[in-house]
Amino acid sequence: MTWTLFDSSVSSFKNFESTRELEGELVNGNEMSRLSVIHEGDRHFYLKQYFQRGRYLRRYVGKSRLRAEFENLRYFNELGIPTARIVAYGEDAGIGVLVTEGLLNVGDLASLAASGDPCLRDCGWRKHVIHQLSGHVRTIHQNGFVHNDLKWRNILVDPRDGQTKIFMIDCPLGRKMFGPFLARGVVKDLACLDKVARNVLSRTDRLRFYLRYARKSKLSRADKLRIRSILCFFDGRE
């Protein structure tokens, strides 16, 4: 396996090639991948091991799921979007490992919503998150990139910080798209975000997000049509 360690100060992964399986605390896993966390001093690292190239056609052709996740995290960095820092990466025929450094004092938006965290009742905190996240989403879409799994669980924030930085993570399905495929992908990304938002945020907050995303002060007819598509995107799919 071709193995690259981007941070030589992390001793846990220096001799990975000679280690059959690193010990770590299991976070989740399935037949395709296994995610575990490894602690080293006051730092922690997420080890994502892939056992398959991907699903469907990706099992046989094209970029592996592991490679796509690695490249997409680097692409977010290029766009100036905060994400998990890559510590190490190794791949052989689409099977391998991606290691990222864990972020301190952050939680994913889905968990905060599920627990009813007080931060979601803080108007200033919500406005800051909406302002920052809408800008990040607009940036990737303006560059023809679609996340394809833009759920609240893949957005990390510090619930205690009124000026929290937004981190976008876990993007193995993201890709560049064009024409009608890009338009549909944009609607899907926005629908994924709104799926939880409609149960947690007010209509005013959701409208604030869209207007900031679209860089407009009021909705046009085209905006209203797109919002209708967003609202009904998952109808009959789940």
# chains A, B, ... in the order shown; residues from 1 in each chain; ligands from 1

call {"tool": "residues_around", "arguments": {"residues": "Ile38 of chain A", "least_positions_apart": "3", "cutoff": "6 Å", "atoms": "only C-alpha atoms", "output": "list in words"}}
result
Gly24, His44 and Phe45 of chain A

call {"tool": "select_by_dssp", "arguments": {"residues": "segment 2-236 of chain A", "states": "strand (DSSP E or B)", "output": "ChimeraX atom specification"}}
result
/A:2-5,25-29,33-40,43-50,86-92,95-101,107-108,145-146,155-157,167-168,175-176

call {"tool": "write_last_selection", "arguments": {"atoms": "N, CA and C atoms", "output": "tab-separated table (two decimals), in the first residue's frame"}}
result
chain	number	residue	atom	x	y	z
A	2	THR	N	0.57	2.18	-0.87
A	2	THR	CA	1.28	3.46	-0.89
A	2	THR	C	0.77	4.29	0.27
A	3	TRP	N	1.66	4.66	1.19
A	3	TRP	CA	1.29	5.30	2.44
A	3	TRP	C	2.00	6.63	2.58
A	4	THR	N	1.24	7.70	2.84
A	4	THR	CA	1.81	9.03	3.01
A	4	THR	C	1.40	9.58	4.36
A	5	LEU	N	2.39	9.93	5.18
A	5	LEU	CA	2.13	10.54	6.48
A	5	LEU	C	2.40	12.03	6.35
A	25	GLU	N	-10.96	3.01	19.24
A	25	GLU	CA	-12.34	2.90	19.72
A	25	GLU	C	-13.29	2.98	18.53
A	26	LEU	N	-14.07	1.94	18.33
A	26	LEU	CA	-14.99	1.89	17.19
A	26	LEU	C	-16.06	2.97	17.31
A	27	VAL	N	-16.24	3.72	16.22
A	27	VAL	CA	-17.30	4.73	16.16
A	27	VAL	C	-18.50	4.17	15.40
A	28	ASN	N	-18.24	3.66	14.21
A	28	ASN	CA	-19.27	2.97	13.42
A	28	ASN	C	-18.59	2.17	12.33
A	29	GLY	N	-19.35	1.34	11.67
A	29	GLY	CA	-18.77	0.54	10.60
A	29	GLY	C	-19.81	-0.28	9.88
A	33	SER	N	-16.72	0.11	5.18
A	33	SER	CA	-15.71	0.89	5.89
A	33	SER	C	-15.89	0.78	7.41
A	34	ARG	N	-14.85	1.17	8.11
A	34	ARG	CA	-14.85	1.15	9.58
A	34	ARG	C	-14.22	2.45	10.07
A	35	LEU	N	-14.91	3.15	10.96
A	35	LEU	CA	-14.39	4.39	11.52
A	35	LEU	C	-14.09	4.19	13.00
A	36	SER	N	-12.87	4.51	13.38
A	36	SER	CA	-12.48	4.40	14.79
A	36	SER	C	-11.71	5.65	15.19
A	37	VAL	N	-11.63	5.88	16.49
A	37	VAL	CA	-10.91	7.04	17.00
A	37	VAL	C	-9.73	6.55	17.83
A	38	ILE	N	-8.59	7.21	17.64
A	38	ILE	CA	-7.35	6.87	18.34
A	38	ILE	C	-6.87	8.11	19.09
A	39	HIS	N	-6.55	7.94	20.36
A	39	HIS	CA	-6.10	9.06	21.19
A	39	HIS	C	-4.58	9.02	21.34
A	40	GLU	N	-3.98	10.17	21.25
A	40	GLU	CA	-2.53	10.31	21.45
A	40	GLU	C	-2.29	11.61	22.21
A	43	ARG	N	-4.54	14.88	21.86
A	43	ARG	CA	-5.11	14.92	20.51
A	43	ARG	C	-5.82	13.60	20.23
A	44	HIS	N	-6.74	13.65	19.29
A	44	HIS	CA	-7.39	12.42	18.85
A	44	HIS	C	-7.51	12.43	17.34
A	45	PHE	N	-7.53	11.24	16.76
A	45	PHE	CA	-7.51	11.08	15.31
A	45	PHE	C	-8.56	10.07	14.87
A	46	TYR	N	-9.17	10.36	13.73
A	46	TYR	CA	-10.16	9.45	13.18
A	46	TYR	C	-9.53	8.62	12.07
A	47	LEU	N	-9.63	7.33	12.23
A	47	LEU	CA	-9.06	6.37	11.29
A	47	LEU	C	-10.21	5.74	10.50
A	48	LYS	N	-10.28	6.01	9.22
A	48	LYS	CA	-11.33	5.45	8.37
A	48	LYS	C	-10.71	4.43	7.44
A	49	GLN	N	-11.07	3.16	7.66
A	49	GLN	CA	-10.53	2.07	6.86
A	49	GLN	C	-11.58	1.62	5.84
A	50	TYR	N	-11.20	1.60	4.60
A	50	TYR	CA	-12.09	1.15	3.52
A	50	TYR	C	-11.72	-0.27	3.11
A	86	ILE	N	-6.02	16.46	7.19
A	86	ILE	CA	-5.56	15.12	6.81
A	86	ILE	C	-4.20	14.85	7.45
A	87	VAL	N	-4.09	13.73	8.15
A	87	VAL	CA	-2.85	13.34	8.82
A	87	VAL	C	-2.11	12.29	7.99
A	88	ALA	N	-2.85	11.34	7.43
A	88	ALA	CA	-2.23	10.26	6.66
A	88	ALA	C	-3.23	9.67	5.69
A	89	TYR	N	-2.67	9.07	4.63
A	89	TYR	CA	-3.52	8.47	3.59
A	89	TYR	C	-2.76	7.33	2.93
A	90	GLY	N	-3.44	6.22	2.75
A	90	GLY	CA	-2.83	5.09	2.06
A	90	GLY	C	-3.87	4.33	1.27
A	91	GLU	N	-3.49	3.87	0.08
A	91	GLU	CA	-4.45	3.19	-0.78
A	91	GLU	C	-3.75	2.16	-1.67
A	92	ASP	N	-4.45	1.08	-1.89
A	92	ASP	CA	-3.99	0.06	-2.83
A	92	ASP	C	-5.22	-0.52	-3.50
A	95	ILE	N	-8.57	0.21	-1.84
A	95	ILE	CA	-8.76	-0.22	-0.46
A	95	ILE	C	-7.64	0.38	0.37
A	96	GLY	N	-7.97	0.96	1.52
A	96	GLY	CA	-6.91	1.59	2.32
A	96	GLY	C	-7.45	2.38	3.49
A	97	VAL	N	-6.73	3.46	3.83
A	97	VAL	CA	-6.98	4.19	5.08
A	97	VAL	C	-6.86	5.69	4.87
A	98	LEU	N	-7.73	6.42	5.55
A	98	LEU	CA	-7.64	7.88	5.61
A	98	LEU	C	-7.67	8.27	7.08
A	99	VAL	N	-6.68	9.05	7.51
A	99	VAL	CA	-6.61	9.50	8.90
A	99	VAL	C	-6.76	11.02	8.93
A	100	THR	N	-7.68	11.50	9.77
A	100	THR	CA	-7.85	12.94	9.95
A	100	THR	C	-7.76	13.27	11.43
A	101	GLU	N	-7.34	14.50	11.70
A	101	GLU	CA	-7.23	14.92	13.10
A	101	GLU	C	-8.59	15.35	13.62
A	107	GLY	N	-19.22	19.81	17.75
A	107	GLY	CA	-20.23	18.76	17.61
A	107	GLY	C	-20.90	18.93	16.26
A	108	ASP	N	-21.52	17.87	15.77
A	108	ASP	CA	-22.21	18.01	14.49
A	108	ASP	C	-23.59	18.59	14.72
A	145	PHE	N	-19.24	22.22	-7.93
A	145	PHE	CA	-19.06	21.04	-7.10
A	145	PHE	C	-20.32	20.79	-6.29
A	146	VAL	N	-20.71	19.51	-6.20
A	146	VAL	CA	-21.88	19.11	-5.41
A	146	VAL	C	-21.43	18.15	-4.32
A	155	ILE	N	-21.68	18.56	9.28
A	155	ILE	CA	-21.31	19.95	9.53
A	155	ILE	C	-20.97	20.08	11.01
A	156	LEU	N	-19.75	20.49	11.31
A	156	LEU	CA	-19.28	20.58	12.69
A	156	LEU	C	-19.19	22.05	13.13
A	157	VAL	N	-19.57	22.29	14.39
A	157	VAL	CA	-19.53	23.64	14.96
A	157	VAL	C	-19.19	23.53	16.44
A	167	PHE	N	-17.13	23.67	9.99
A	167	PHE	CA	-16.30	22.67	9.32
A	167	PHE	C	-17.21	21.73	8.52
A	168	MET	N	-16.87	21.51	7.27
A	168	MET	CA	-17.60	20.57	6.43
A	168	MET	C	-16.75	19.31	6.27
A	175	ARG	N	-18.60	15.62	-6.08
A	175	ARG	CA	-17.95	15.63	-7.39
A	175	ARG	C	-18.33	16.87	-8.18
A	176	LYS	N	-17.56	17.15	-9.21
A	176	LYS	CA	-17.88	18.22	-10.14
A	176	LYS	C	-19.02	17.76	-11.05

call {"tool": "residues_around", "arguments": {"residues": "Asn143 of chain A", "least_positions_apart": "4", "cutoff": "12 Å", "atoms": "only C-alpha atoms", "output": "PyMOL selection string"}}
result
chain A and resi 75-76+78-79+136-139+147+175-178+182+186

call {"tool": "select_by_dssp", "arguments": {"residues": "segment 1-236 of chain A", "states": "alpha helix (DSSP H)", "output": "JSON, numbers by chain"}}
result
{"A": [65, 66, 67, 68, 69, 70, 71, 72, 73, 74, 75, 76, 77, 78, 109, 110, 111, 112, 113, 114, 115, 123, 124, 125, 126, 127, 128, 129, 130, 131, 132, 133, 134, 135, 136, 137, 138, 139, 140, 141, 142, 179, 180, 181, 182, 183, 184, 185, 186, 187, 188, 189, 190, 191, 192, 193, 194, 195, 196, 197, 198, 199, 200, 203, 204, 205, 206, 207, 208, 209, 210, 211, 212, 213, 214, 221, 222, 223, 224, 225, 226, 227, 228, 229, 230, 231]}

call {"tool": "atom_distance", "arguments": {"atom1": "atom CA of Ile169 of chain A", "atom2": "atom CA of Leu73 of chain A"}}
result
7.3 Å

call {"tool": "closest_atom_pairs", "arguments": {"of": "segment 15-111 of chain A", "to": "segment 118-131 of chain A", "cutoff": "12 Å", "atoms": "only C-alpha atoms", "output": "CSV"}}
result
residue,atom,partner,partner_atom,distance
A:Gly107,CA,A:Cys119,CA,11.4
A:Leu109,CA,A:Leu120,CA,9.4
A:Ala110,CA,A:Leu120,CA,11.2
A:Ser111,CA,A:Leu120,CA,11.4

call {"tool": "write_last_selection", "arguments": {"atoms": "N, CA and C atoms", "output": "compact mmCIF listing (two decimals), in the first residue's frame"}}
result
# COMPACT_ATOMS: atom_id res chain seq x y z
N GLY A 107 -19.22 19.81 17.75
CA GLY A 107 -20.23 18.76 17.61
C GLY A 107 -20.90 18.93 16.26
N LEU A 109 -24.09 19.30 13.72
CA LEU A 109 -25.37 19.99 13.85
C LEU A 109 -26.52 19.04 14.12
N ALA A 110 -26.46 17.83 13.54
CA ALA A 110 -27.54 16.87 13.73
C ALA A 110 -27.66 16.47 15.20
N SER A 111 -26.52 16.22 15.84
CA SER A 111 -26.54 15.84 17.26
C SER A 111 -27.02 16.99 18.13

call {"tool": "residues_around", "arguments": {"residues": "Lys165 of chain A", "least_positions_apart": "5", "cutoff": "8 Å", "atoms": "only C-alpha atoms", "output": "PyMOL selection string"}}
result
chain A and resi 82+132+157-158

call {"tool": "write_last_selection", "arguments": {"atoms": "C-alpha atoms", "output": "mmCIF file, in the first residue's frame"}}
result
data_model
loop_
_atom_site.group_PDB
_atom_site.id
_atom_site.type_symbol
_atom_site.label_atom_id
_atom_site.label_comp_id
_atom_site.auth_asym_id
_atom_site.auth_seq_id
_atom_site.Cartn_x
_atom_site.Cartn_y
_atom_site.Cartn_z
ATOM 1 C CA PRO A 82 -12.501 24.618 6.885
ATOM 2 C CA GLN A 132 -21.037 31.265 7.355
ATOM 3 C CA VAL A 157 -19.531 23.636 14.956
ATOM 4 C CA ASP A 158 -18.617 24.750 18.470
#

call {"tool": "closest_residue", "arguments": {"among": "A:Gly94, A:Phe209, A:Ile166, A:Leu231", "to": "Ala191 of chain A", "atoms": "only C-alpha atoms"}}
result
A:Leu231

call {"tool": "closest_residue", "arguments": {"among": "A:Phe233, A:Pro159, A:Lys216, A:Leu150", "to": "Cys192 of chain A", "atoms": "only C-alpha atoms"}}
result
A:Leu150

call {"tool": "closest_residue", "arguments": {"among": "A:Arg215, A:Ser134, A:Gln142, A:Thr164", "to": "Leu190 of chain A", "atoms": "only C-alpha atoms"}}
result
A:Ser134

call {"tool": "atom_distance", "arguments": {"atom1": "atom CA of Ala183 of chain A", "atom2": "atom CA of Ser229 of chain A"}}
result
10.8 Å
